[in-house]
$ cat run-v5.tsv   # TSV, C-alpha atoms
chain	number	residue	atom	x	y	z
E	1	MET	CA	191.12	91.43	48.26
E	2	LYS	CA	190.90	94.95	46.95
E	3	ALA	CA	188.99	97.16	49.39
E	4	LYS	CA	186.44	99.18	47.44
E	5	VAL	CA	184.18	101.37	49.48
E	6	VAL	CA	182.09	104.52	49.35
E	7	PHE	CA	181.41	106.51	52.51
E	8	HIS	CA	178.25	108.61	52.37
E	9	LEU	CA	177.64	111.86	54.23
E	10	ASP	CA	174.48	113.90	53.83
E	11	TRP	CA	173.94	115.72	57.15
E	12	ASP	CA	175.89	118.69	58.46
E	13	SER	CA	177.48	116.54	61.16
E	14	LYS	CA	181.14	117.03	61.96
E	15	ASP	CA	180.97	113.90	64.12
E	16	SER	CA	179.99	111.79	61.12
E	17	LEU	CA	182.80	113.26	59.04
E	18	ILE	CA	185.34	112.59	61.80
E	19	MET	CA	183.98	109.02	62.06
E	20	ALA	CA	184.51	108.61	58.30
E	21	LEU	CA	188.05	109.99	58.46
E	22	ASN	CA	188.88	107.65	61.37
E	23	ASN	CA	187.45	104.72	59.39
E	24	ILE	CA	189.47	105.60	56.29
E	25	GLU	CA	192.72	106.16	58.20
E	26	ASN	CA	192.26	102.79	59.94
E	27	LEU	CA	191.59	101.07	56.62
E	28	LEU	CA	194.81	102.47	55.20
E	29	LYS	CA	196.76	101.08	58.14
E	30	ASP	CA	195.60	97.61	57.17
E	31	ILE	CA	195.86	97.70	53.40
E	32	PRO	CA	198.31	99.31	50.99
E	33	ALA	CA	196.83	102.38	49.31
E	34	ASP	CA	197.19	100.77	45.88
E	35	GLU	CA	194.92	97.90	46.94
E	36	ALA	CA	192.18	100.28	48.04
E	37	ALA	CA	189.61	102.32	46.15
E	38	ILE	CA	188.13	104.65	48.72
E	39	TYR	CA	185.53	107.31	48.01
E	40	LEU	CA	183.69	109.74	50.22
E	41	VAL	CA	180.60	111.32	48.69
E	42	ALA	CA	178.97	114.34	50.32
E	43	ASN	CA	175.55	115.58	49.29
E	44	GLY	CA	172.73	117.49	50.97
E	45	VAL	CA	173.81	119.84	53.75
E	46	ALA	CA	176.95	117.71	54.32
E	47	VAL	CA	178.62	119.69	51.54
E	48	LYS	CA	179.05	122.55	54.03
E	49	LEU	CA	181.57	120.42	55.94
E	50	PHE	CA	183.92	120.82	52.99
E	51	GLN	CA	183.91	124.61	52.88
E	52	ARG	CA	187.38	125.79	53.82
E	53	GLU	CA	185.97	128.16	56.44
E	54	HIS	CA	184.34	125.27	58.36
E	55	ALA	CA	187.12	122.74	57.97
E	56	PHE	CA	190.21	124.01	59.76
E	57	GLU	CA	190.00	121.18	62.30
E	58	TYR	CA	190.26	118.37	59.77
E	59	ALA	CA	191.49	120.03	56.55
E	60	SER	CA	194.97	118.53	56.87
E	61	ARG	CA	193.58	115.03	57.37
E	62	ILE	CA	191.57	115.34	54.14
E	63	GLN	CA	194.63	116.71	52.36
E	64	ASN	CA	196.75	113.77	53.53
E	65	LEU	CA	194.14	111.17	52.60
E	66	SER	CA	193.70	112.74	49.19
E	67	GLY	CA	197.47	112.42	48.75
E	68	THR	CA	197.18	108.65	49.21
E	69	GLY	CA	194.43	108.37	46.61
E	70	VAL	CA	191.19	108.79	48.58
E	71	HIS	CA	188.54	110.61	46.54
E	72	PHE	CA	186.39	113.34	48.05
E	73	PHE	CA	183.33	113.97	45.89
E	74	VAL	CA	180.98	116.87	46.58
E	75	CYS	CA	177.51	117.11	44.98
E	76	ASN	CA	176.97	120.06	42.66
E	77	ASN	CA	173.17	119.92	42.98
E	78	SER	CA	173.60	120.51	46.72
E	79	LEU	CA	176.20	123.26	46.27
E	80	ASN	CA	173.83	125.12	43.92
E	81	LYS	CA	170.89	124.76	46.27
E	82	LEU	CA	172.96	126.18	49.16
E	83	GLY	CA	174.64	128.89	47.08
E	84	ILE	CA	178.16	127.59	47.76
E	85	ARG	CA	180.79	128.32	45.11
E	86	HIS	CA	183.37	125.70	44.08
E	87	GLU	CA	186.18	128.06	45.15
E	88	GLU	CA	184.97	127.85	48.74
E	89	LEU	CA	185.72	124.12	48.97
E	90	LEU	CA	188.84	122.44	50.30
E	91	GLU	CA	191.31	121.94	47.50
E	92	PRO	CA	191.15	118.10	47.33
E	93	CYS	CA	187.37	118.07	46.72
E	94	GLN	CA	186.12	117.09	43.30
E	95	VAL	CA	182.69	118.43	42.38
E	96	VAL	CA	180.40	115.82	40.80
E	97	PRO	CA	177.10	116.72	39.11
E	98	ALA	CA	174.93	114.55	41.38
E	99	GLY	CA	176.14	112.84	44.56
E	100	ILE	CA	173.46	110.15	44.73
E	101	MET	CA	174.09	109.18	41.11
E	102	GLU	CA	177.77	108.77	41.99
E	103	ILE	CA	176.91	106.57	44.99
E	104	ILE	CA	174.71	104.38	42.78
E	105	ARG	CA	177.45	104.13	40.14
E	106	LEU	CA	180.14	103.25	42.68
E	107	GLN	CA	178.02	100.51	44.26
E	108	SER	CA	177.16	99.13	40.83
E	109	GLU	CA	180.93	98.90	40.20
E	110	GLY	CA	181.47	96.83	43.34
E	111	CYS	CA	182.04	99.36	46.08
E	112	ALA	CA	180.68	98.57	49.51
E	113	TYR	CA	178.53	101.30	51.08
E	114	VAL	CA	179.18	102.67	54.54
E	115	LYS	CA	177.06	105.34	56.22
E	116	PRO	CA	178.87	106.77	59.25
Q	1	MET	CA	173.50	102.69	33.01
Q	2	LYS	CA	170.21	101.89	34.65
Q	3	ALA	CA	169.94	103.56	38.07
Q	4	LYS	CA	168.69	100.99	40.55
Q	5	VAL	CA	168.49	102.13	44.14
Q	6	VAL	CA	166.67	101.56	47.40
Q	7	PHE	CA	166.32	104.36	49.93
Q	8	HIS	CA	165.86	103.16	53.51
Q	9	LEU	CA	163.98	104.99	56.24
Q	10	ASP	CA	163.49	103.55	59.73
Q	11	TRP	CA	163.27	106.55	62.10
Q	12	ASP	CA	160.36	108.93	62.49
Q	13	SER	CA	162.37	111.75	60.91
Q	14	LYS	CA	160.63	114.08	58.49
Q	15	ASP	CA	164.05	115.53	57.63
Q	16	SER	CA	165.25	112.15	56.40
Q	17	LEU	CA	162.15	111.66	54.31
Q	18	ILE	CA	162.52	115.13	52.76
Q	19	MET	CA	166.19	114.33	52.05
Q	20	ALA	CA	165.10	111.12	50.30
Q	21	LEU	CA	162.46	112.94	48.24
Q	22	ASN	CA	165.02	115.59	47.22
Q	23	ASN	CA	167.45	112.83	46.25
Q	24	ILE	CA	164.86	111.03	44.16
Q	25	GLU	CA	163.61	114.19	42.43
Q	26	ASN	CA	167.20	115.13	41.55
Q	27	LEU	CA	167.85	111.64	40.20
Q	28	LEU	CA	164.83	111.91	37.93
Q	29	LYS	CA	166.12	115.20	36.53
Q	30	ASP	CA	169.24	113.36	35.36
Q	31	ILE	CA	167.82	110.11	34.08
Q	32	PRO	CA	164.63	109.20	32.24
Q	33	ALA	CA	162.13	107.46	34.51
Q	34	ASP	CA	162.23	104.33	32.35
Q	35	GLU	CA	165.97	103.96	32.98
Q	36	ALA	CA	165.50	104.09	36.73
Q	37	ALA	CA	164.27	101.57	39.29
Q	38	ILE	CA	163.77	103.56	42.46
Q	39	TYR	CA	162.41	102.16	45.72
Q	40	LEU	CA	161.87	103.67	49.12
Q	41	VAL	CA	161.39	101.20	51.95
Q	42	ALA	CA	160.06	102.36	55.31
Q	43	ASN	CA	160.16	100.16	58.39
Q	44	GLY	CA	160.31	100.73	62.15
Q	45	VAL	CA	158.77	103.99	63.34
Q	46	ALA	CA	159.39	105.55	59.90
Q	47	VAL	CA	156.11	104.00	58.76
Q	48	LYS	CA	154.32	106.79	60.67
Q	49	LEU	CA	155.64	109.29	58.11
Q	50	PHE	CA	153.34	107.68	55.55
Q	51	GLN	CA	150.11	108.07	57.50
Q	52	ARG	CA	147.91	110.51	55.64
Q	53	GLU	CA	147.37	112.59	58.77
Q	54	HIS	CA	151.14	113.26	59.15
Q	55	ALA	CA	151.95	113.75	55.49
Q	56	PHE	CA	150.13	116.82	54.22
Q	57	GLU	CA	153.43	118.66	53.66
Q	58	TYR	CA	154.87	116.13	51.24
Q	59	ALA	CA	151.91	113.97	50.17
Q	60	SER	CA	151.76	115.54	46.71
Q	61	ARG	CA	155.49	114.93	46.13
Q	62	ILE	CA	155.02	111.24	46.93
Q	63	GLN	CA	151.99	111.11	44.67
Q	64	ASN	CA	153.94	112.68	41.79
Q	65	LEU	CA	156.95	110.41	42.23
Q	66	SER	CA	154.71	107.37	42.39
Q	67	GLY	CA	153.22	108.52	39.08
Q	68	THR	CA	156.67	108.33	37.48
Q	69	GLY	CA	157.24	104.80	38.75
Q	70	VAL	CA	158.93	105.24	42.13
Q	71	HIS	CA	157.87	102.53	44.59
Q	72	PHE	CA	156.98	103.33	48.19
Q	73	PHE	CA	157.08	100.18	50.32
Q	74	VAL	CA	155.87	100.18	53.92
Q	75	CYS	CA	156.63	97.32	56.33
Q	76	ASN	CA	153.64	95.39	57.61
Q	77	ASN	CA	155.50	94.06	60.67
Q	78	SER	CA	156.00	97.66	61.76
Q	79	LEU	CA	152.42	98.72	60.98
Q	80	ASN	CA	151.13	95.85	63.12
Q	81	LYS	CA	153.45	96.67	65.99
Q	82	LEU	CA	152.30	100.30	65.96
Q	83	GLY	CA	148.62	99.50	65.40
Q	84	ILE	CA	148.41	101.44	62.13
Q	85	ARG	CA	145.82	100.27	59.62
Q	86	HIS	CA	146.57	100.09	55.88
Q	87	GLU	CA	143.74	102.54	55.17
Q	88	GLU	CA	145.60	105.23	57.12
Q	89	LEU	CA	148.50	105.27	54.64
Q	90	LEU	CA	149.00	107.56	51.67
Q	91	GLU	CA	147.44	106.04	48.59
Q	92	PRO	CA	150.70	105.31	46.67
Q	93	CYS	CA	152.14	103.16	49.48
Q	94	GLN	CA	152.38	99.43	48.94
Q	95	VAL	CA	152.44	97.33	52.10
Q	96	VAL	CA	155.12	94.63	52.10
Q	97	PRO	CA	155.24	91.83	54.68
Q	98	ALA	CA	158.75	92.68	55.96
Q	99	GLY	CA	160.68	95.81	55.08
Q	100	ILE	CA	164.16	94.49	55.84
Q	101	MET	CA	163.54	91.38	53.75
Q	102	GLU	CA	162.58	93.67	50.87
Q	103	ILE	CA	165.77	95.71	51.31
Q	104	ILE	CA	167.85	92.52	51.25
Q	105	ARG	CA	166.03	91.27	48.15
Q	106	LEU	CA	166.45	94.58	46.30
Q	107	GLN	CA	170.17	94.76	47.03
Q	108	SER	CA	170.60	91.13	45.96
Q	109	GLU	CA	168.98	92.13	42.65
Q	110	GLY	CA	171.50	94.91	42.07
Q	111	CYS	CA	170.00	97.94	43.77
Q	112	ALA	CA	172.37	100.34	45.48
Q	113	TYR	CA	171.49	101.18	49.08
Q	114	VAL	CA	171.17	104.75	50.32
Q	115	LYS	CA	170.37	105.70	53.91
Q	116	PRO	CA	169.35	109.37	54.15
C	1	MET	CA	166.62	83.05	48.39
C	2	LYS	CA	169.25	83.02	51.10
C	3	ALA	CA	169.07	86.17	53.21
C	4	LYS	CA	172.58	87.55	53.60
C	5	VAL	CA	172.84	90.82	55.45
C	6	VAL	CA	175.19	92.92	57.57
C	7	PHE	CA	173.78	95.39	60.09
C	8	HIS	CA	176.14	98.26	60.91
C	9	LEU	CA	176.29	100.16	64.19
C	10	ASP	CA	178.82	102.90	64.88
C	11	TRP	CA	177.16	105.32	67.31
C	12	ASP	CA	176.54	104.73	71.02
C	13	SER	CA	172.80	104.52	70.40
C	14	LYS	CA	170.80	101.92	72.27
C	15	ASP	CA	167.82	102.78	70.05
C	16	SER	CA	169.76	101.75	66.95
C	17	LEU	CA	170.83	98.49	68.55
C	18	ILE	CA	167.26	97.71	69.60
C	19	MET	CA	166.12	98.52	66.05
C	20	ALA	CA	168.73	96.07	64.70
C	21	LEU	CA	167.65	93.35	67.15
C	22	ASN	CA	164.00	93.86	66.18
C	23	ASN	CA	164.96	93.65	62.50
C	24	ILE	CA	166.92	90.45	63.01
C	25	GLU	CA	164.24	88.78	65.13
C	26	ASN	CA	161.63	89.63	62.50
C	27	LEU	CA	163.84	88.24	59.74
C	28	LEU	CA	164.18	84.97	61.61
C	29	LYS	CA	160.41	84.67	61.88
C	30	ASP	CA	160.22	84.70	58.08
C	31	ILE	CA	163.15	82.54	57.13
C	32	PRO	CA	164.70	79.42	58.64
C	33	ALA	CA	167.98	80.19	60.39
C	34	ASP	CA	169.88	77.88	58.04
C	35	GLU	CA	168.80	79.99	55.06
C	36	ALA	CA	170.10	83.17	56.64
C	37	ALA	CA	173.58	84.61	57.06
C	38	ILE	CA	173.15	87.51	59.46
C	39	TYR	CA	175.95	89.68	60.79
C	40	LEU	CA	176.00	92.70	63.04
C	41	VAL	CA	179.22	94.71	62.99
C	42	ALA	CA	179.88	97.32	65.66
C	43	ASN	CA	182.70	99.84	65.36
C	44	GLY	CA	183.36	103.34	66.68
C	45	VAL	CA	181.66	104.19	69.96
C	46	ALA	CA	178.97	101.56	69.24
C	47	VAL	CA	181.31	98.95	70.73
C	48	LYS	CA	180.33	100.27	74.17
C	49	LEU	CA	176.84	98.86	73.65
C	50	PHE	CA	178.35	95.38	73.88
C	51	GLN	CA	180.04	95.83	77.25
C	52	ARG	CA	178.30	93.53	79.73
C	53	GLU	CA	177.80	96.40	82.17
C	54	HIS	CA	175.76	98.41	79.62
C	55	ALA	CA	173.82	95.54	78.13
C	56	PHE	CA	171.61	94.02	80.81
C	57	GLU	CA	168.46	95.16	78.96
C	58	TYR	CA	169.19	93.25	75.77
C	59	ALA	CA	171.94	90.77	76.67
C	60	SER	CA	169.56	87.81	76.56
C	61	ARG	CA	168.28	88.78	73.12
C	62	ILE	CA	171.85	88.83	71.80
C	63	GLN	CA	172.54	85.49	73.49
C	64	ASN	CA	169.45	83.94	71.87
C	65	LEU	CA	170.22	85.31	68.41
C	66	SER	CA	173.79	84.12	68.66
C	67	GLY	CA	172.41	80.67	69.46
C	68	THR	CA	170.56	80.65	66.13
C	69	GLY	CA	173.69	81.58	64.20
C	70	VAL	CA	173.69	85.39	64.12
C	71	HIS	CA	177.23	86.78	64.28
C	72	PHE	CA	178.09	89.76	66.49
C	73	PHE	CA	181.38	91.29	65.41
C	74	VAL	CA	183.08	94.03	67.47
C	75	CYS	CA	185.94	96.14	66.08
C	76	ASN	CA	189.26	95.79	67.86
C	77	ASN	CA	190.57	99.13	66.61
C	78	SER	CA	187.66	100.79	68.39
C	79	LEU	CA	188.07	98.72	71.57
C	80	ASN	CA	191.73	99.73	71.75
C	81	LYS	CA	190.95	103.39	71.19
C	82	LEU	CA	188.38	103.34	73.99
C	83	GLY	CA	190.45	101.18	76.34
C	84	ILE	CA	187.86	98.40	76.53
C	85	ARG	CA	189.14	94.90	77.25
C	86	HIS	CA	187.76	91.85	75.43
C	87	GLU	CA	186.69	90.34	78.77
C	88	GLU	CA	184.26	93.21	79.27
C	89	LEU	CA	182.19	92.21	76.23
C	90	LEU	CA	179.08	90.05	76.13
C	91	GLU	CA	180.02	86.45	75.65
C	92	PRO	CA	178.63	85.99	72.10
C	93	CYS	CA	180.73	88.86	70.66
C	94	GLN	CA	183.60	88.00	68.36
C	95	VAL	CA	186.35	90.58	68.17
C	96	VAL	CA	187.49	91.36	64.62
C	97	PRO	CA	190.63	93.37	63.84
C	98	ALA	CA	188.83	96.10	61.87
C	99	GLY	CA	185.08	96.52	61.69
C	100	ILE	CA	184.94	98.51	58.45
C	101	MET	CA	187.16	95.97	56.70
C	102	GLU	CA	184.70	93.28	57.79
C	103	ILE	CA	181.75	95.28	56.44
C	104	ILE	CA	183.53	95.70	53.10
C	105	ARG	CA	184.35	92.00	52.97
C	106	LEU	CA	180.80	90.93	53.81
C	107	GLN	CA	179.29	93.19	51.14
C	108	SER	CA	181.83	91.94	48.58
C	109	GLU	CA	180.61	88.41	49.40
C	110	GLY	CA	177.00	89.32	48.66
C	111	CYS	CA	175.63	90.59	51.94
C	112	ALA	CA	173.13	93.43	51.83
C	113	TYR	CA	173.96	96.41	54.06
C	114	VAL	CA	171.50	97.84	56.54
C	115	LYS	CA	172.20	100.86	58.75
C	116	PRO	CA	169.60	101.09	61.53

$ encode --input "run-v5.tsv" --output "structure tokens"
Amino acid sequence: MKAKVVFHLDWDSKDSLIMALNNIENLLKDIPADEAAIYLVANGVAVKLFQREHAFEYASRIQNLSGTGVHFFVCNNSLNKLGIRHEELLEPCQVVPAGIMEIIRLQSEGCAYVKP
Amino acid sequence: MKAKVVFHLDWDSKDSLIMALNNIENLLKDIPADEAAIYLVANGVAVKLFQREHAFEYASRIQNLSGTGVHFFVCNNSLNKLGIRHEELLEPCQVVPAGIMEIIRLQSEGCAYVKP
Amino acid sequence: MKAKVVFHLDWDSKDSLIMALNNIENLLKDIPADEAAIYLVANGVAVKLFQREHAFEYASRIQNLSGTGVHFFVCNNSLNKLGIRHEELLEPCQVVPAGIMEIIRLQSEGCAYVKP
């Protein structure tokens, strides 16, 4: 079985992000990275968690997971609303136009949904 | 792609409801209303958010979204448990017998699930 | 329609567990147990809710639901991390190697996801 999953973060909760990173790291202990399709989508105020200046505690974990193929999507609608520029984000983040649209698309393509 | 999605609220959290309304309004900027099937299901203590007396701050947003076809479903099990009468709810709300059953049905029919 | 659903708990929140138990009991009022496939998966710090010593308030509800076929899955990764032994758990709990993997599997097999 290929593990396809989208993790959703929308609140400015470091605990939820850490939970998601723990979940993803555990998943990748059980399945080879090439049998997984793992996405994390941040929208709402959760996008602040991915600003470099807030992320020193977990930046290297995100970097490492990105290196194994995990996707970190950050919602552009939310960035605009909060006045955060793309350059402020951790390097592995990919900005998507609309986070919720991405979550809908991923589920329609067979991803499970997990809300930490 | 048709955007089919159910938003789920079960706590008495105005912040979560506002998040859901923001999400839905953003979605409808990106896709025409007739290519979307958008549901919000409230059960548990979240049904209190839809009492007219608690909703003055966002009642007009719900009214407008309902006008574009968004469905607002409120769980009758929860209303009964809390002693809330149907007449106390915002006009666009539709009472459904069991909120969780509705959420299961909608997902089985292809709706993505989003928990704000 | 067969009601297939996985409830997900990951925080140490008794309120969320009670919400899930209410949801499941309501479901089973509406549909015969043999037309339902109901799972609750606990991972992260939520596994503590299933230690006998913390559960006296709702242990009998879990016992009863288990008797009607509801599955209570507890994540072994999380038990290990928290140093909780299997013998400390309520009797109906089944330990699964990885809770998130189980949630992905259940959704891929057609279960709806509900996060209380």

$ residues_around --input "run-v5.tsv" --residues "segment 4-7 of chain C" --least-positions-apart "2" --cutoff "9 Å" --atoms "only C-alpha atoms" --output "number ranges by chain"
Q: 104, 108; C: 2, 9, 20, 24, 35-42, 103, 106-107, 110-116

$ calpha_fit_and_write --input "run-v5.tsv" --fixed "chain Q" --moving "chain E" --output "compact mmCIF listing (two decimals) with C-alpha atoms, in the frame of the given file"
# COMPACT_ATOMS: atom_id res chain seq x y z
CA MET E 1 173.48 102.69 33.03
CA LYS E 2 170.19 101.88 34.65
CA ALA E 3 169.94 103.55 38.06
CA LYS E 4 168.70 100.98 40.57
CA VAL E 5 168.49 102.14 44.13
CA VAL E 6 166.69 101.55 47.40
CA PHE E 7 166.32 104.35 49.94
CA HIS E 8 165.87 103.17 53.51
CA LEU E 9 163.99 105.00 56.26
CA ASP E 10 163.50 103.57 59.72
CA TRP E 11 163.27 106.55 62.10
CA ASP E 12 160.36 108.93 62.49
CA SER E 13 162.36 111.75 60.91
CA LYS E 14 160.63 114.08 58.48
CA ASP E 15 164.04 115.54 57.63
CA SER E 16 165.27 112.16 56.41
CA LEU E 17 162.15 111.67 54.31
CA ILE E 18 162.51 115.13 52.76
CA MET E 19 166.19 114.33 52.06
CA ALA E 20 165.09 111.13 50.30
CA LEU E 21 162.46 112.94 48.24
CA ASN E 22 165.01 115.60 47.23
CA ASN E 23 167.46 112.85 46.25
CA ILE E 24 164.85 111.03 44.16
CA GLU E 25 163.59 114.19 42.43
CA ASN E 26 167.19 115.12 41.56
CA LEU E 27 167.86 111.64 40.20
CA LEU E 28 164.83 111.90 37.94
CA LYS E 29 166.12 115.18 36.54
CA ASP E 30 169.23 113.38 35.36
CA ILE E 31 167.82 110.11 34.07
CA PRO E 32 164.63 109.19 32.23
CA ALA E 33 162.14 107.46 34.51
CA ASP E 34 162.23 104.32 32.35
CA GLU E 35 165.97 103.95 32.98
CA ALA E 36 165.50 104.08 36.74
CA ALA E 37 164.27 101.57 39.29
CA ILE E 38 163.78 103.55 42.46
CA TYR E 39 162.42 102.16 45.71
CA LEU E 40 161.88 103.68 49.12
CA VAL E 41 161.38 101.20 51.95
CA ALA E 42 160.07 102.37 55.32
CA ASN E 43 160.16 100.16 58.38
CA GLY E 44 160.31 100.73 62.14
CA VAL E 45 158.76 103.98 63.34
CA ALA E 46 159.39 105.54 59.89
CA VAL E 47 156.10 104.01 58.76
CA LYS E 48 154.31 106.79 60.66
CA LEU E 49 155.64 109.29 58.11
CA PHE E 50 153.34 107.69 55.55
CA GLN E 51 150.11 108.07 57.51
CA ARG E 52 147.93 110.53 55.64
CA GLU E 53 147.38 112.59 58.79
CA HIS E 54 151.14 113.26 59.15
CA ALA E 55 151.95 113.75 55.50
CA PHE E 56 150.13 116.83 54.23
CA GLU E 57 153.43 118.65 53.68
CA TYR E 58 154.87 116.13 51.25
CA ALA E 59 151.90 113.97 50.17
CA SER E 60 151.77 115.54 46.70
CA ARG E 61 155.48 114.95 46.13
CA ILE E 62 155.04 111.24 46.93
CA GLN E 63 151.99 111.11 44.67
CA ASN E 64 153.94 112.68 41.79
CA LEU E 65 156.95 110.41 42.24
CA SER E 66 154.71 107.36 42.39
CA GLY E 67 153.22 108.52 39.08
CA THR E 68 156.67 108.32 37.48
CA GLY E 69 157.25 104.79 38.75
CA VAL E 70 158.92 105.25 42.14
CA HIS E 71 157.87 102.53 44.60
CA PHE E 72 156.98 103.33 48.19
CA PHE E 73 157.07 100.18 50.31
CA VAL E 74 155.86 100.19 53.91
CA CYS E 75 156.63 97.32 56.33
CA ASN E 76 153.63 95.39 57.60
CA ASN E 77 155.49 94.05 60.66
CA SER E 78 156.01 97.67 61.75
CA LEU E 79 152.43 98.71 60.97
CA ASN E 80 151.12 95.85 63.13
CA LYS E 81 153.45 96.67 65.99
CA LEU E 82 152.30 100.32 65.95
CA GLY E 83 148.62 99.51 65.40
CA ILE E 84 148.42 101.44 62.12
CA ARG E 85 145.82 100.26 59.60
CA HIS E 86 146.58 100.09 55.87
CA GLU E 87 143.73 102.54 55.18
CA GLU E 88 145.59 105.22 57.11
CA LEU E 89 148.48 105.26 54.63
CA LEU E 90 148.99 107.56 51.67
CA GLU E 91 147.44 106.02 48.59
CA PRO E 92 150.69 105.31 46.66
CA CYS E 93 152.15 103.16 49.48
CA GLN E 94 152.40 99.44 48.94
CA VAL E 95 152.45 97.34 52.10
CA VAL E 96 155.13 94.62 52.09
CA PRO E 97 155.24 91.83 54.69
CA ALA E 98 158.74 92.67 55.97
CA GLY E 99 160.69 95.81 55.06
CA ILE E 100 164.16 94.49 55.85
CA MET E 101 163.54 91.38 53.75
CA GLU E 102 162.59 93.67 50.86
CA ILE E 103 165.78 95.72 51.30
CA ILE E 104 167.86 92.52 51.25
CA ARG E 105 166.04 91.28 48.14
CA LEU E 106 166.44 94.58 46.30
CA GLN E 107 170.17 94.75 47.03
CA SER E 108 170.60 91.13 45.97
CA GLU E 109 168.97 92.12 42.65
CA GLY E 110 171.49 94.90 42.08
CA CYS E 111 170.00 97.93 43.77
CA ALA E 112 172.36 100.33 45.47
CA TYR E 113 171.49 101.19 49.08
CA VAL E 114 171.18 104.74 50.32
CA LYS E 115 170.38 105.70 53.91
CA PRO E 116 169.38 109.37 54.12

$ atom_distance --input "run-v5.tsv" --atom1 "atom CA of Ala33 of chain E" --atom2 "atom CA of Ala98 of chain E"
26.3 Å

$ atom_distance --input "run-v5.tsv" --atom1 "atom CA of Asn22 of chain Q" --atom2 "atom CA of Gly44 of chain E"
8.8 Å

$ closest_residue --input "run-v5.tsv" --among "C:Ala3, C:Leu82, C:Ala55, C:Cys93" --to "Leu27 of chain C" --atoms "only C-alpha atoms"
C:Ala3

$ closest_residue --input "run-v5.tsv" --among "C:Ile31, C:Ile62, C:Val74, C:Met101" --to "Glu88 of chain C" --atoms "only C-alpha atoms"
C:Val74

$ closest_residue --input "run-v5.tsv" --among "C:Glu53, C:Asp34, C:Asp15, C:Glu91" --to "chain Q" --atoms "all atoms listed in the file"
C:Asp15

$ atom_distance --input "run-v5.tsv" --atom1 "atom CA of Asn76 of chain C" --atom2 "atom CA of Leu90 of chain C"
14.3 Å

$ residues_near_point --input "run-v5.tsv" --point "(187.7, 116.1, 48.7)" --cutoff "6 Å" --atoms "all atoms listed in the file" --output "VMD selection string"
chain E and resid 71 to 73 92 to 94
